[in-house]
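**Q** Could you have a look at this structure, given as structure tokens, before my questions?
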Amino acid sequence: METIKSRKEFEKVFSRGRRYGHRLVRVTVLRNDNEAHGKVAFVAAKRLGNAVFRNRCKRVLREAARSCGLPAQEADVILFATHATHNASPREVAAALGGLLGKACVA
RNA sequence: GAAGCGAGCCAGACGAUCGCGGGGUGCUUUGCACCAUGAGGAAAGUCCGGGCUCCACAGGGCAGAAAGCCGGCUAACGGCCGGGCGGGGUAACCCGACGGAAAGCGCCACAGAAAAGAAGACUCCCACUGCCCGCCUUGGCGGGUAAGAGAAAAGCUGAAACGGUGGUGUAAGAGACCACCAGCAUCCUGGCAACAGGGUGGCUUGGCAAGCCCCUUUUGGAGCAAACGCAAAUAGGAGCGCUAUGGUGUGGCCCGCACUGCGCUCGGGUUGCGCGCUUGAGGCAUGCGGUAACGCAUGUCCUAGAUAAAUGAUCGUUCAUGACAGAACCCGGCUUACAGGCUCGCUUCGCAA
RNA sequence: GGAGGGGUGGCAGAGCGGUUGAAUGCGGCGGUCUCGAAAACCGUUUGGCCCGUCUCGGGUCACGAGGGUUCGAAUCCCUCCCCCUCCG
């Protein structure tokens, strides 16, 4: 699972990507025609809670992304945690994420 | 049995499948398979103390900061242990920023006569004396008032008033004198010391230093984005100013020491990889020394090293249904958060023998 | 990793040991003016709880939270919580 690492890549996806929202997860997707394979990133804002809370959120997002087969070929995707992500099961989040990716036309 | 006090420990467990981090082995080089391993008692807050690295050495003085009953432990500490004193609790036990107010400055609102040495200033007390009134045996007694040598007891306040209580004494009084208590000075005894006990002396000097301050002790500055190595890139560039009892290192200042151009503006490059990076003032067990903290000796164990940052998901079994919470160079503490559970020792009360 | 500043009525913002429930401004409410409104001017409410009860008066707790020093703390000191800024 290749992840977005540098600040420049994050800036690119933030400025040019499209956003989709749900109660359990929010995503920003940038379709990427030039590069061979897409990347993925997991974000939990500091205002959500302490380090344990944010780590839990990111693990749930990571599991949901894996079950959706997410490091997709054609797009970079950033997943944002919400207040509800912490208590949700990965299955619920995966269902929500699948719906959002369908809207974004990512396989 | 109930209530409580102190010390210590645990922080869901087990199995199966899928997945993640670094490590090892094999295939043989993309990667895949297998093996074991992978967060805490606080990893937290960053409040102290060190190690380590760099600043030439880490020297002296001033300033600043910190500590503050005594002795010990320790690499060091603002930590810990033991003791003293003071306070709380029936007790086990717990708590304490606990040096100095006759070195000096400052503050003490309101009330009060007076608030820090103000004068014996005011009220009050009072011998002798004058005047007035009353009683009565031409003089005395009683009361009032004025002036006063004397005296510091009383003065309604306040958080706090030139020690307190009782007595002797006197016209009235006073450490003027006596007893006890508190405080001060000094001596003796015990103790390494803080301090405790006792004697003697003169008779007394408010509180606040978490106000400034004084005394004693400690303290150079930065921090793993430190520092070192490799690779890549670029312009060992341009302009202006200041100069050698100058400038920089030095980020509080001065001396000393070292180096010899430096400062500002404009322009350019750079957050890649390796190393530091986990074996350490390390843990556990036993023995010895010490009241204890701790030290010494022997044996044994190796137990995360990520870098947009690794511990999760699904299913099953079981119980007290799982709190607070995630390593980021590493240790020793402190402080704060925390569902509960277990072990040991002790205190008080009740009941039974 | 390190350094500094702040938290006070509904909001902004003084006060920094002594009658401060708390200046001042914006608010809210009532009045004057107006046909009505705005502006201006005047007054008032200014917080919780408790008590009496003549709807006015009294007591107490409140300056982020909890302790301490002091006769007395928003102010001085310690611990914790939250917010903001700066440096590398």
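Just remember, in the structure tokens the first chain shown is A, the second B, etc., residues are 1-based per chain, and ligands are 1-based in the order shown.
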Define the interface residues of chain A facing chain B as those within 12 Å, counting only C-alpha atoms (C1' of nucleotides), and report them as an mmCIF file with all heavy atoms, in the first residue's frame.
**A**
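File iface.cif, as written:
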data_model
loop_
_atom_site.group_PDB
_atom_site.id
_atom_site.type_symbol
_atom_site.label_atom_id
_atom_site.label_comp_id
_atom_site.auth_asym_id
_atom_site.auth_seq_id
_atom_site.Cartn_x
_atom_site.Cartn_y
_atom_site.Cartn_z
ATOM 1 N N MET A 1 0.850 -1.204 0.000
ATOM 2 C CA MET A 1 0.000 0.000 0.000
ATOM 3 C C MET A 1 0.877 1.241 0.000
ATOM 4 O O MET A 1 1.498 1.559 1.006
ATOM 5 C CB MET A 1 -0.913 -0.009 1.234
ATOM 6 C CG MET A 1 -1.968 1.079 1.192
ATOM 7 S SD MET A 1 -3.006 1.062 2.650
ATOM 8 C CE MET A 1 -3.901 -0.470 2.458
ATOM 9 N N GLU A 2 0.936 1.891 -1.174
ATOM 10 C CA GLU A 2 1.821 3.056 -1.272
ATOM 11 C C GLU A 2 1.078 4.286 -0.766
ATOM 12 O O GLU A 2 -0.077 4.509 -1.138
ATOM 13 C CB GLU A 2 2.270 3.277 -2.710
ATOM 14 C CG GLU A 2 3.397 4.278 -2.806
ATOM 15 C CD GLU A 2 4.022 4.280 -4.202
ATOM 16 O OE1 GLU A 2 3.584 3.496 -5.068
ATOM 17 O OE2 GLU A 2 4.929 5.087 -4.418
ATOM 18 N N THR A 3 1.730 5.068 0.103
ATOM 19 C CA THR A 3 1.078 6.218 0.728
ATOM 20 C C THR A 3 1.694 7.512 0.234
ATOM 21 O O THR A 3 2.845 7.534 -0.212
ATOM 22 C CB THR A 3 1.223 6.154 2.257
ATOM 23 O OG1 THR A 3 2.597 6.062 2.580
ATOM 24 C CG2 THR A 3 0.481 4.966 2.817
ATOM 25 N N ILE A 4 0.899 8.575 0.336
ATOM 26 C CA ILE A 4 1.378 9.913 -0.007
ATOM 27 C C ILE A 4 2.292 10.386 1.118
ATOM 28 O O ILE A 4 1.935 10.310 2.287
ATOM 29 C CB ILE A 4 0.197 10.884 -0.178
ATOM 30 C CG1 ILE A 4 -0.724 10.388 -1.298
ATOM 31 C CG2 ILE A 4 0.690 12.291 -0.472
ATOM 32 C CD1 ILE A 4 -1.996 11.173 -1.418
ATOM 33 N N LYS A 5 3.483 10.867 0.790
ATOM 34 C CA LYS A 5 4.474 11.185 1.816
ATOM 35 C C LYS A 5 4.857 12.662 1.835
ATOM 36 O O LYS A 5 4.923 13.273 2.889
ATOM 37 C CB LYS A 5 5.722 10.329 1.602
ATOM 38 C CG LYS A 5 5.498 8.870 1.969
ATOM 39 C CD LYS A 5 6.794 8.105 1.858
ATOM 40 C CE LYS A 5 6.713 6.734 2.504
ATOM 41 N NZ LYS A 5 5.461 6.008 2.286
ATOM 42 N N SER A 6 5.135 13.219 0.674
ATOM 43 C CA SER A 6 5.716 14.568 0.686
ATOM 44 C C SER A 6 4.622 15.635 0.781
ATOM 45 O O SER A 6 3.466 15.411 0.438
ATOM 46 C CB SER A 6 6.533 14.790 -0.576
ATOM 47 O OG SER A 6 5.661 14.918 -1.672
ATOM 48 N N ARG A 7 5.017 16.803 1.253
ATOM 49 C CA ARG A 7 4.113 17.927 1.384
ATOM 50 C C ARG A 7 3.589 18.377 0.020
ATOM 51 O O ARG A 7 2.429 18.769 -0.110
ATOM 52 C CB ARG A 7 4.857 19.071 2.079
ATOM 53 C CG ARG A 7 3.971 20.240 2.451
ATOM 54 C CD ARG A 7 4.772 21.276 3.221
ATOM 55 N NE ARG A 7 3.902 22.371 3.576
ATOM 56 C CZ ARG A 7 3.072 22.370 4.601
ATOM 57 N NH1 ARG A 7 2.991 21.302 5.373
ATOM 58 N NH2 ARG A 7 2.314 23.400 4.870
ATOM 59 N N LYS A 8 4.441 18.281 -0.998
ATOM 60 C CA LYS A 8 4.045 18.737 -2.333
ATOM 61 C C LYS A 8 2.889 17.909 -2.875
ATOM 62 O O LYS A 8 1.948 18.445 -3.476
ATOM 63 C CB LYS A 8 5.239 18.643 -3.295
ATOM 64 C CG LYS A 8 6.227 19.767 -3.142
ATOM 65 C CD LYS A 8 7.399 19.600 -4.085
ATOM 66 C CE LYS A 8 8.427 20.679 -3.848
ATOM 67 N NZ LYS A 8 9.682 20.415 -4.599
ATOM 68 N N GLU A 9 2.945 16.604 -2.681
ATOM 69 C CA GLU A 9 1.867 15.742 -3.175
ATOM 70 C C GLU A 9 0.552 16.063 -2.479
ATOM 71 O O GLU A 9 -0.510 16.119 -3.106
ATOM 72 C CB GLU A 9 2.229 14.277 -2.944
ATOM 73 C CG GLU A 9 3.289 13.761 -3.892
ATOM 74 C CD GLU A 9 3.623 12.306 -3.620
ATOM 75 O OE1 GLU A 9 4.368 12.039 -2.659
ATOM 76 O OE2 GLU A 9 3.120 11.454 -4.346
ATOM 77 N N PHE A 10 0.628 16.293 -1.146
ATOM 78 C CA PHE A 10 -0.585 16.645 -0.401
ATOM 79 C C PHE A 10 -1.178 17.940 -0.937
ATOM 80 O O PHE A 10 -2.381 18.042 -1.156
ATOM 81 C CB PHE A 10 -0.264 16.810 1.087
ATOM 82 C CG PHE A 10 -0.413 15.537 1.855
ATOM 83 C CD1 PHE A 10 0.683 14.758 2.153
ATOM 84 C CD2 PHE A 10 -1.669 15.121 2.302
ATOM 85 C CE1 PHE A 10 0.541 13.591 2.862
ATOM 86 C CE2 PHE A 10 -1.808 13.960 2.995
ATOM 87 C CZ PHE A 10 -0.703 13.181 3.301
ATOM 88 N N VAL A 40 -2.467 6.591 -1.595
ATOM 89 C CA VAL A 40 -3.536 6.781 -0.628
ATOM 90 C C VAL A 40 -2.931 7.415 0.629
ATOM 91 O O VAL A 40 -1.730 7.280 0.877
ATOM 92 C CB VAL A 40 -4.230 5.431 -0.317
ATOM 93 C CG1 VAL A 40 -3.305 4.493 0.409
ATOM 94 C CG2 VAL A 40 -5.520 5.634 0.423
ATOM 95 N N ALA A 41 -3.752 8.167 1.402
ATOM 96 C CA ALA A 41 -3.276 8.751 2.664
ATOM 97 C C ALA A 41 -4.421 8.754 3.668
ATOM 98 O O ALA A 41 -5.599 8.793 3.287
ATOM 99 C CB ALA A 41 -2.778 10.174 2.443
ATOM 100 N N PHE A 42 -4.057 8.708 4.960
ATOM 101 C CA PHE A 42 -5.051 8.673 6.040
ATOM 102 C C PHE A 42 -4.801 9.862 6.959
ATOM 103 O O PHE A 42 -3.681 10.056 7.442
ATOM 104 C CB PHE A 42 -4.939 7.373 6.833
ATOM 105 C CG PHE A 42 -4.993 6.167 5.949
ATOM 106 C CD1 PHE A 42 -3.835 5.542 5.523
ATOM 107 C CD2 PHE A 42 -6.215 5.686 5.500
ATOM 108 C CE1 PHE A 42 -3.884 4.444 4.701
ATOM 109 C CE2 PHE A 42 -6.265 4.578 4.669
ATOM 110 C CZ PHE A 42 -5.098 3.951 4.263
ATOM 111 N N VAL A 43 -5.839 10.652 7.232
ATOM 112 C CA VAL A 43 -5.686 11.883 8.003
ATOM 113 C C VAL A 43 -6.675 11.875 9.168
ATOM 114 O O VAL A 43 -7.868 11.605 8.985
ATOM 115 C CB VAL A 43 -5.949 13.123 7.116
ATOM 116 C CG1 VAL A 43 -5.872 14.389 7.935
ATOM 117 C CG2 VAL A 43 -4.957 13.165 5.969
ATOM 118 N N ALA A 44 -6.143 12.183 10.378
ATOM 119 C CA ALA A 44 -7.011 12.391 11.538
ATOM 120 C C ALA A 44 -6.601 13.720 12.152
ATOM 121 O O ALA A 44 -5.478 13.880 12.618
ATOM 122 C CB ALA A 44 -6.841 11.261 12.552
ATOM 123 N N GLY A 49 -9.126 14.478 18.925
ATOM 124 C CA GLY A 49 -8.871 13.897 20.243
ATOM 125 C C GLY A 49 -7.403 13.641 20.449
ATOM 126 O O GLY A 49 -6.562 14.209 19.745
ATOM 127 N N ASN A 50 -7.113 12.768 21.407
ATOM 128 C CA ASN A 50 -5.714 12.487 21.741
ATOM 129 C C ASN A 50 -5.120 11.484 20.770
ATOM 130 O O ASN A 50 -5.752 11.065 19.805
ATOM 131 C CB ASN A 50 -5.609 12.019 23.193
ATOM 132 C CG ASN A 50 -6.435 10.767 23.440
ATOM 133 O OD1 ASN A 50 -6.712 10.015 22.527
ATOM 134 N ND2 ASN A 50 -6.826 10.565 24.672
ATOM 135 N N ALA A 51 -3.880 11.100 21.019
ATOM 136 C CA ALA A 51 -3.129 10.272 20.077
ATOM 137 C C ALA A 51 -3.760 8.899 19.902
ATOM 138 O O ALA A 51 -3.792 8.362 18.795
ATOM 139 C CB ALA A 51 -1.683 10.140 20.560
ATOM 140 N N VAL A 52 -4.281 8.321 20.999
ATOM 141 C CA VAL A 52 -4.905 7.004 20.907
ATOM 142 C C VAL A 52 -6.155 7.062 20.027
ATOM 143 O O VAL A 52 -6.373 6.197 19.173
ATOM 144 C CB VAL A 52 -5.253 6.493 22.315
ATOM 145 C CG1 VAL A 52 -6.052 5.216 22.243
ATOM 146 C CG2 VAL A 52 -3.992 6.279 23.121
ATOM 147 N N PHE A 53 -6.964 8.102 20.234
ATOM 148 C CA PHE A 53 -8.176 8.290 19.423
ATOM 149 C C PHE A 53 -7.812 8.404 17.949
ATOM 150 O O PHE A 53 -8.415 7.756 17.083
ATOM 151 C CB PHE A 53 -8.892 9.564 19.908
ATOM 152 C CG PHE A 53 -10.253 9.782 19.322
ATOM 153 C CD1 PHE A 53 -11.388 9.443 20.052
ATOM 154 C CD2 PHE A 53 -10.404 10.325 18.061
ATOM 155 C CE1 PHE A 53 -12.645 9.647 19.510
ATOM 156 C CE2 PHE A 53 -11.657 10.533 17.527
ATOM 157 C CZ PHE A 53 -12.773 10.192 18.260
ATOM 158 N N ARG A 54 -6.820 9.200 17.616
ATOM 159 C CA ARG A 54 -6.454 9.434 16.214
ATOM 160 C C ARG A 54 -5.830 8.185 15.585
ATOM 161 O O ARG A 54 -6.081 7.882 14.421
ATOM 162 C CB ARG A 54 -5.502 10.631 16.107
ATOM 163 C CG ARG A 54 -6.080 11.926 16.646
ATOM 164 C CD ARG A 54 -5.355 13.136 16.101
ATOM 165 N NE ARG A 54 -3.921 13.099 16.322
ATOM 166 C CZ ARG A 54 -3.321 13.555 17.421
ATOM 167 N NH1 ARG A 54 -4.033 14.082 18.382
ATOM 168 N NH2 ARG A 54 -2.026 13.483 17.545
ATOM 169 N N ASN A 55 -5.029 7.450 16.356
ATOM 170 C CA ASN A 55 -4.461 6.203 15.833
ATOM 171 C C ASN A 55 -5.559 5.208 15.516
ATOM 172 O O ASN A 55 -5.523 4.540 14.479
ATOM 173 C CB ASN A 55 -3.506 5.600 16.863
ATOM 174 C CG ASN A 55 -2.131 6.215 16.777
ATOM 175 O OD1 ASN A 55 -1.801 6.853 15.786
ATOM 176 N ND2 ASN A 55 -1.343 6.018 17.797
ATOM 177 N N ARG A 56 -6.552 5.092 16.415
ATOM 178 C CA ARG A 56 -7.686 4.194 16.196
ATOM 179 C C ARG A 56 -8.418 4.572 14.890
ATOM 180 O O ARG A 56 -8.724 3.709 14.081
ATOM 181 C CB ARG A 56 -8.633 4.276 17.398
ATOM 182 C CG ARG A 56 -9.998 3.650 17.199
ATOM 183 C CD ARG A 56 -9.932 2.155 17.185
ATOM 184 N NE ARG A 56 -11.183 1.587 16.689
ATOM 185 C CZ ARG A 56 -11.358 0.306 16.427
ATOM 186 N NH1 ARG A 56 -10.363 -0.529 16.606
ATOM 187 N NH2 ARG A 56 -12.512 -0.136 15.995
ATOM 188 N N CYS A 57 -8.645 5.856 14.692
ATOM 189 C CA CYS A 57 -9.333 6.319 13.485
ATOM 190 C C CYS A 57 -8.575 5.910 12.235
ATOM 191 O O CYS A 57 -9.143 5.408 11.256
ATOM 192 C CB CYS A 57 -9.501 7.842 13.521
ATOM 193 S SG CYS A 57 -10.694 8.398 14.731
ATOM 194 N N LYS A 58 -7.268 6.122 12.247
ATOM 195 C CA LYS A 58 -6.462 5.817 11.070
ATOM 196 C C LYS A 58 -6.419 4.312 10.792
ATOM 197 O O LYS A 58 -6.405 3.883 9.633
ATOM 198 C CB LYS A 58 -5.042 6.370 11.245
ATOM 199 C CG LYS A 58 -4.996 7.874 11.098
ATOM 200 C CD LYS A 58 -3.627 8.397 10.793
ATOM 201 C CE LYS A 58 -2.810 8.549 12.038
ATOM 202 N NZ LYS A 58 -1.508 9.192 11.746
ATOM 203 N N ARG A 59 -6.457 3.493 11.851
ATOM 204 C CA ARG A 59 -6.433 2.039 11.650
ATOM 205 C C ARG A 59 -7.751 1.567 11.035
ATOM 206 O O ARG A 59 -7.753 0.697 10.171
ATOM 207 C CB ARG A 59 -6.180 1.327 12.985
ATOM 208 C CG ARG A 59 -4.725 1.361 13.366
ATOM 209 C CD ARG A 59 -4.505 1.015 14.821
ATOM 210 N NE ARG A 59 -3.124 1.289 15.182
ATOM 211 C CZ ARG A 59 -2.723 1.523 16.417
ATOM 212 N NH1 ARG A 59 -3.593 1.525 17.411
ATOM 213 N NH2 ARG A 59 -1.474 1.756 16.671
ATOM 214 N N VAL A 60 -8.840 2.156 11.494
ATOM 215 C CA VAL A 60 -10.144 1.814 10.919
ATOM 216 C C VAL A 60 -10.173 2.195 9.445
ATOM 217 O O VAL A 60 -10.597 1.410 8.585
ATOM 218 C CB VAL A 60 -11.267 2.524 11.706
ATOM 219 C CG1 VAL A 60 -12.593 2.390 10.972
ATOM 220 C CG2 VAL A 60 -11.388 1.935 13.096
ATOM 221 N N LEU A 61 -9.688 3.388 9.130
ATOM 222 C CA LEU A 61 -9.653 3.838 7.741
ATOM 223 C C LEU A 61 -8.754 2.936 6.897
ATOM 224 O O LEU A 61 -9.097 2.594 5.757
ATOM 225 C CB LEU A 61 -9.147 5.282 7.660
ATOM 226 C CG LEU A 61 -10.054 6.365 8.217
ATOM 227 C CD1 LEU A 61 -9.409 7.722 8.023
ATOM 228 C CD2 LEU A 61 -11.410 6.346 7.548
ATOM 229 N N ARG A 62 -7.628 2.527 7.464
ATOM 230 C CA ARG A 62 -6.684 1.680 6.728
ATOM 231 C C ARG A 62 -7.325 0.326 6.386
ATOM 232 O O ARG A 62 -7.199 -0.173 5.262
ATOM 233 C CB ARG A 62 -5.427 1.482 7.574
ATOM 234 C CG ARG A 62 -4.198 1.041 6.782
ATOM 235 C CD ARG A 62 -3.071 0.646 7.690
ATOM 236 N NE ARG A 62 -2.771 1.664 8.690
ATOM 237 C CZ ARG A 62 -1.999 2.718 8.447
ATOM 238 N NH1 ARG A 62 -1.447 2.889 7.277
ATOM 239 N NH2 ARG A 62 -1.776 3.596 9.401
ATOM 240 N N GLU A 63 -8.045 -0.252 7.375
ATOM 241 C CA GLU A 63 -8.693 -1.540 7.157
ATOM 242 C C GLU A 63 -9.801 -1.412 6.102
ATOM 243 O O GLU A 63 -9.924 -2.263 5.214
ATOM 244 C CB GLU A 63 -9.268 -2.045 8.491
ATOM 245 C CG GLU A 63 -9.818 -3.446 8.437
ATOM 246 C CD GLU A 63 -8.748 -4.486 8.154
ATOM 247 O OE1 GLU A 63 -7.570 -4.213 8.482
ATOM 248 O OE2 GLU A 63 -9.073 -5.544 7.584
ATOM 249 N N ALA A 64 -10.577 -0.338 6.193
ATOM 250 C CA ALA A 64 -11.662 -0.127 5.230
ATOM 251 C C ALA A 64 -11.099 0.055 3.826
ATOM 252 O O ALA A 64 -11.621 -0.511 2.855
ATOM 253 C CB ALA A 64 -12.474 1.094 5.636
ATOM 254 N N ALA A 65 -10.004 0.812 3.706
ATOM 255 C CA ALA A 65 -9.385 1.044 2.410
ATOM 256 C C ALA A 65 -8.876 -0.260 1.818
ATOM 257 O O ALA A 65 -9.003 -0.515 0.614
ATOM 258 C CB ALA A 65 -8.238 2.038 2.563
ATOM 259 N N ARG A 66 -8.319 -1.131 2.667
ATOM 260 C CA ARG A 66 -7.783 -2.407 2.193
ATOM 261 C C ARG A 66 -8.912 -3.300 1.660
ATOM 262 O O ARG A 66 -8.772 -3.939 0.604
ATOM 263 C CB ARG A 66 -7.065 -3.109 3.336
ATOM 264 C CG ARG A 66 -6.128 -4.217 2.891
ATOM 265 C CD ARG A 66 -5.299 -4.692 4.037
ATOM 266 N NE ARG A 66 -6.099 -5.345 5.061
ATOM 267 C CZ ARG A 66 -6.423 -6.645 5.023
ATOM 268 N NH1 ARG A 66 -6.027 -7.401 4.036
ATOM 269 N NH2 ARG A 66 -7.155 -7.170 5.984
ATOM 270 N N SER A 67 -10.048 -3.328 2.362
ATOM 271 C CA SER A 67 -11.154 -4.174 1.925
ATOM 272 C C SER A 67 -11.819 -3.624 0.663
ATOM 273 O O SER A 67 -12.446 -4.368 -0.070
ATOM 274 C CB SER A 67 -12.174 -4.340 3.049
ATOM 275 O OG SER A 67 -12.707 -3.084 3.395
ATOM 276 N N ILE A 78 -7.236 10.766 -0.494
ATOM 277 C CA ILE A 78 -6.946 11.076 0.907
ATOM 278 C C ILE A 78 -8.217 10.831 1.704
ATOM 279 O O ILE A 78 -9.293 11.333 1.340
ATOM 280 C CB ILE A 78 -6.493 12.535 1.089
ATOM 281 C CG1 ILE A 78 -5.245 12.800 0.253
ATOM 282 C CG2 ILE A 78 -6.211 12.817 2.554
ATOM 283 C CD1 ILE A 78 -4.777 14.228 0.305
ATOM 284 N N SER A 89 -17.360 0.356 13.107
ATOM 285 C CA SER A 89 -16.605 -0.833 12.732
ATOM 286 C C SER A 89 -16.068 -0.645 11.307
ATOM 287 O O SER A 89 -16.637 0.111 10.515
ATOM 288 C CB SER A 89 -17.504 -2.062 12.768
ATOM 289 O OG SER A 89 -18.395 -2.028 11.672
ATOM 290 N N PRO A 90 -14.956 -1.303 10.994
ATOM 291 C CA PRO A 90 -14.386 -1.167 9.646
ATOM 292 C C PRO A 90 -15.358 -1.547 8.545
ATOM 293 O O PRO A 90 -15.286 -0.997 7.448
ATOM 294 C CB PRO A 90 -13.191 -2.107 9.687
ATOM 295 C CG PRO A 90 -12.808 -2.148 11.110
ATOM 296 C CD PRO A 90 -14.079 -2.048 11.871
ATOM 297 N N ARG A 91 -16.297 -2.491 8.815
ATOM 298 C CA ARG A 91 -17.269 -2.882 7.788
ATOM 299 C C ARG A 91 -18.182 -1.713 7.412
ATOM 300 O O ARG A 91 -18.413 -1.451 6.234
ATOM 301 C CB ARG A 91 -18.136 -4.031 8.303
ATOM 302 C CG ARG A 91 -17.488 -5.383 8.115
ATOM 303 C CD ARG A 91 -18.371 -6.453 8.682
ATOM 304 N NE ARG A 91 -17.714 -7.747 8.641
ATOM 305 C CZ ARG A 91 -18.190 -8.825 9.256
ATOM 306 N NH1 ARG A 91 -19.305 -8.744 9.962
ATOM 307 N NH2 ARG A 91 -17.545 -9.961 9.186
ATOM 308 N N ALA A 94 -16.220 0.753 5.470
ATOM 309 C CA ALA A 94 -15.938 0.246 4.129
ATOM 310 C C ALA A 94 -17.154 0.415 3.234
ATOM 311 O O ALA A 94 -17.031 0.788 2.054
ATOM 312 C CB ALA A 94 -15.526 -1.221 4.205
#
**Q** List every residue of chain A that DSSP, applied to the backbone of this structure, assigns to alpha helix (DSSP H), and report them as a PyMOL selection string.
**A** chain A and resi 7-16+51-67+90-103
**Q** Measuring between only C-alpha atoms, which one of A:Arg23, A:Asn32, A:Gln73, A:Ala81 shows the shortest distance to A:Ala95?
**A**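 Result for the nearest residue to A:Ala95: A:Arg23.
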**Q** Could you name the residues that touch C:C87 at 12 Å or less, counting only C-alpha atoms (C1' of nucleotides), but leaving out those on the same chain fewer than 2 positions away, as an mmCIF file with N, CA and C atoms (P, O5', C5', C4', C3', O3' and C1' of nucleotides), in the first residue's frame?
**A**
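The result, stored in part.cif:
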data_model
loop_
_atom_site.group_PDB
_atom_site.id
_atom_site.type_symbol
_atom_site.label_atom_id
_atom_site.label_comp_id
_atom_site.auth_asym_id
_atom_site.auth_seq_id
_atom_site.Cartn_x
_atom_site.Cartn_y
_atom_site.Cartn_z
ATOM 1 P P G C 1 9.309 17.016 22.955
ATOM 2 O "O5'" G C 1 10.516 18.003 22.647
ATOM 3 C "C5'" G C 1 11.855 17.533 22.665
ATOM 4 C "C4'" G C 1 12.809 18.643 22.309
ATOM 5 C "C3'" G C 1 12.667 19.918 23.128
ATOM 6 O "O3'" G C 1 13.309 19.818 24.390
ATOM 7 C "C1'" G C 1 12.817 20.472 20.859
ATOM 8 P P G C 2 12.627 20.561 25.670
ATOM 9 O "O5'" G C 2 12.603 22.103 25.238
ATOM 10 C "C5'" G C 2 13.702 22.929 25.553
ATOM 11 C "C4'" G C 2 13.673 24.236 24.810
ATOM 12 C "C3'" G C 2 12.872 25.370 25.424
ATOM 13 O "O3'" G C 2 13.478 25.931 26.568
ATOM 14 C "C1'" G C 2 12.604 25.378 23.077
ATOM 15 P P A C 3 12.521 26.644 27.693
ATOM 16 O "O5'" A C 3 12.050 27.998 26.994
ATOM 17 C "C5'" A C 3 12.987 29.042 26.790
ATOM 18 C "C4'" A C 3 12.367 30.205 26.063
ATOM 19 C "C3'" A C 3 11.179 30.864 26.748
ATOM 20 O "O3'" A C 3 11.558 31.719 27.812
ATOM 21 C "C1'" A C 3 10.706 30.588 24.451
ATOM 22 P P G C 4 10.529 31.969 29.044
ATOM 23 O "O5'" G C 4 9.374 32.864 28.404
ATOM 24 C "C5'" G C 4 9.613 34.221 28.087
ATOM 25 C "C4'" G C 4 8.521 34.791 27.222
ATOM 26 C "C3'" G C 4 7.173 35.025 27.886
ATOM 27 O "O3'" G C 4 7.146 36.172 28.716
ATOM 28 C "C1'" G C 4 6.854 34.088 25.737
ATOM 29 P P U C 85 -2.103 31.938 16.667
ATOM 30 O "O5'" U C 85 -0.747 32.663 17.083
ATOM 31 C "C5'" U C 85 -0.648 34.083 17.011
ATOM 32 C "C4'" U C 85 0.609 34.578 17.682
ATOM 33 C "C3'" U C 85 1.907 34.032 17.132
ATOM 34 O "O3'" U C 85 2.285 34.663 15.912
ATOM 35 C "C1'" U C 85 1.986 34.011 19.494
#
**Q** Grab the atom C1' of B:A222 to atom C1' of B:U53 distance for me, in Å with one decimal place.
**A** 10.6 Å
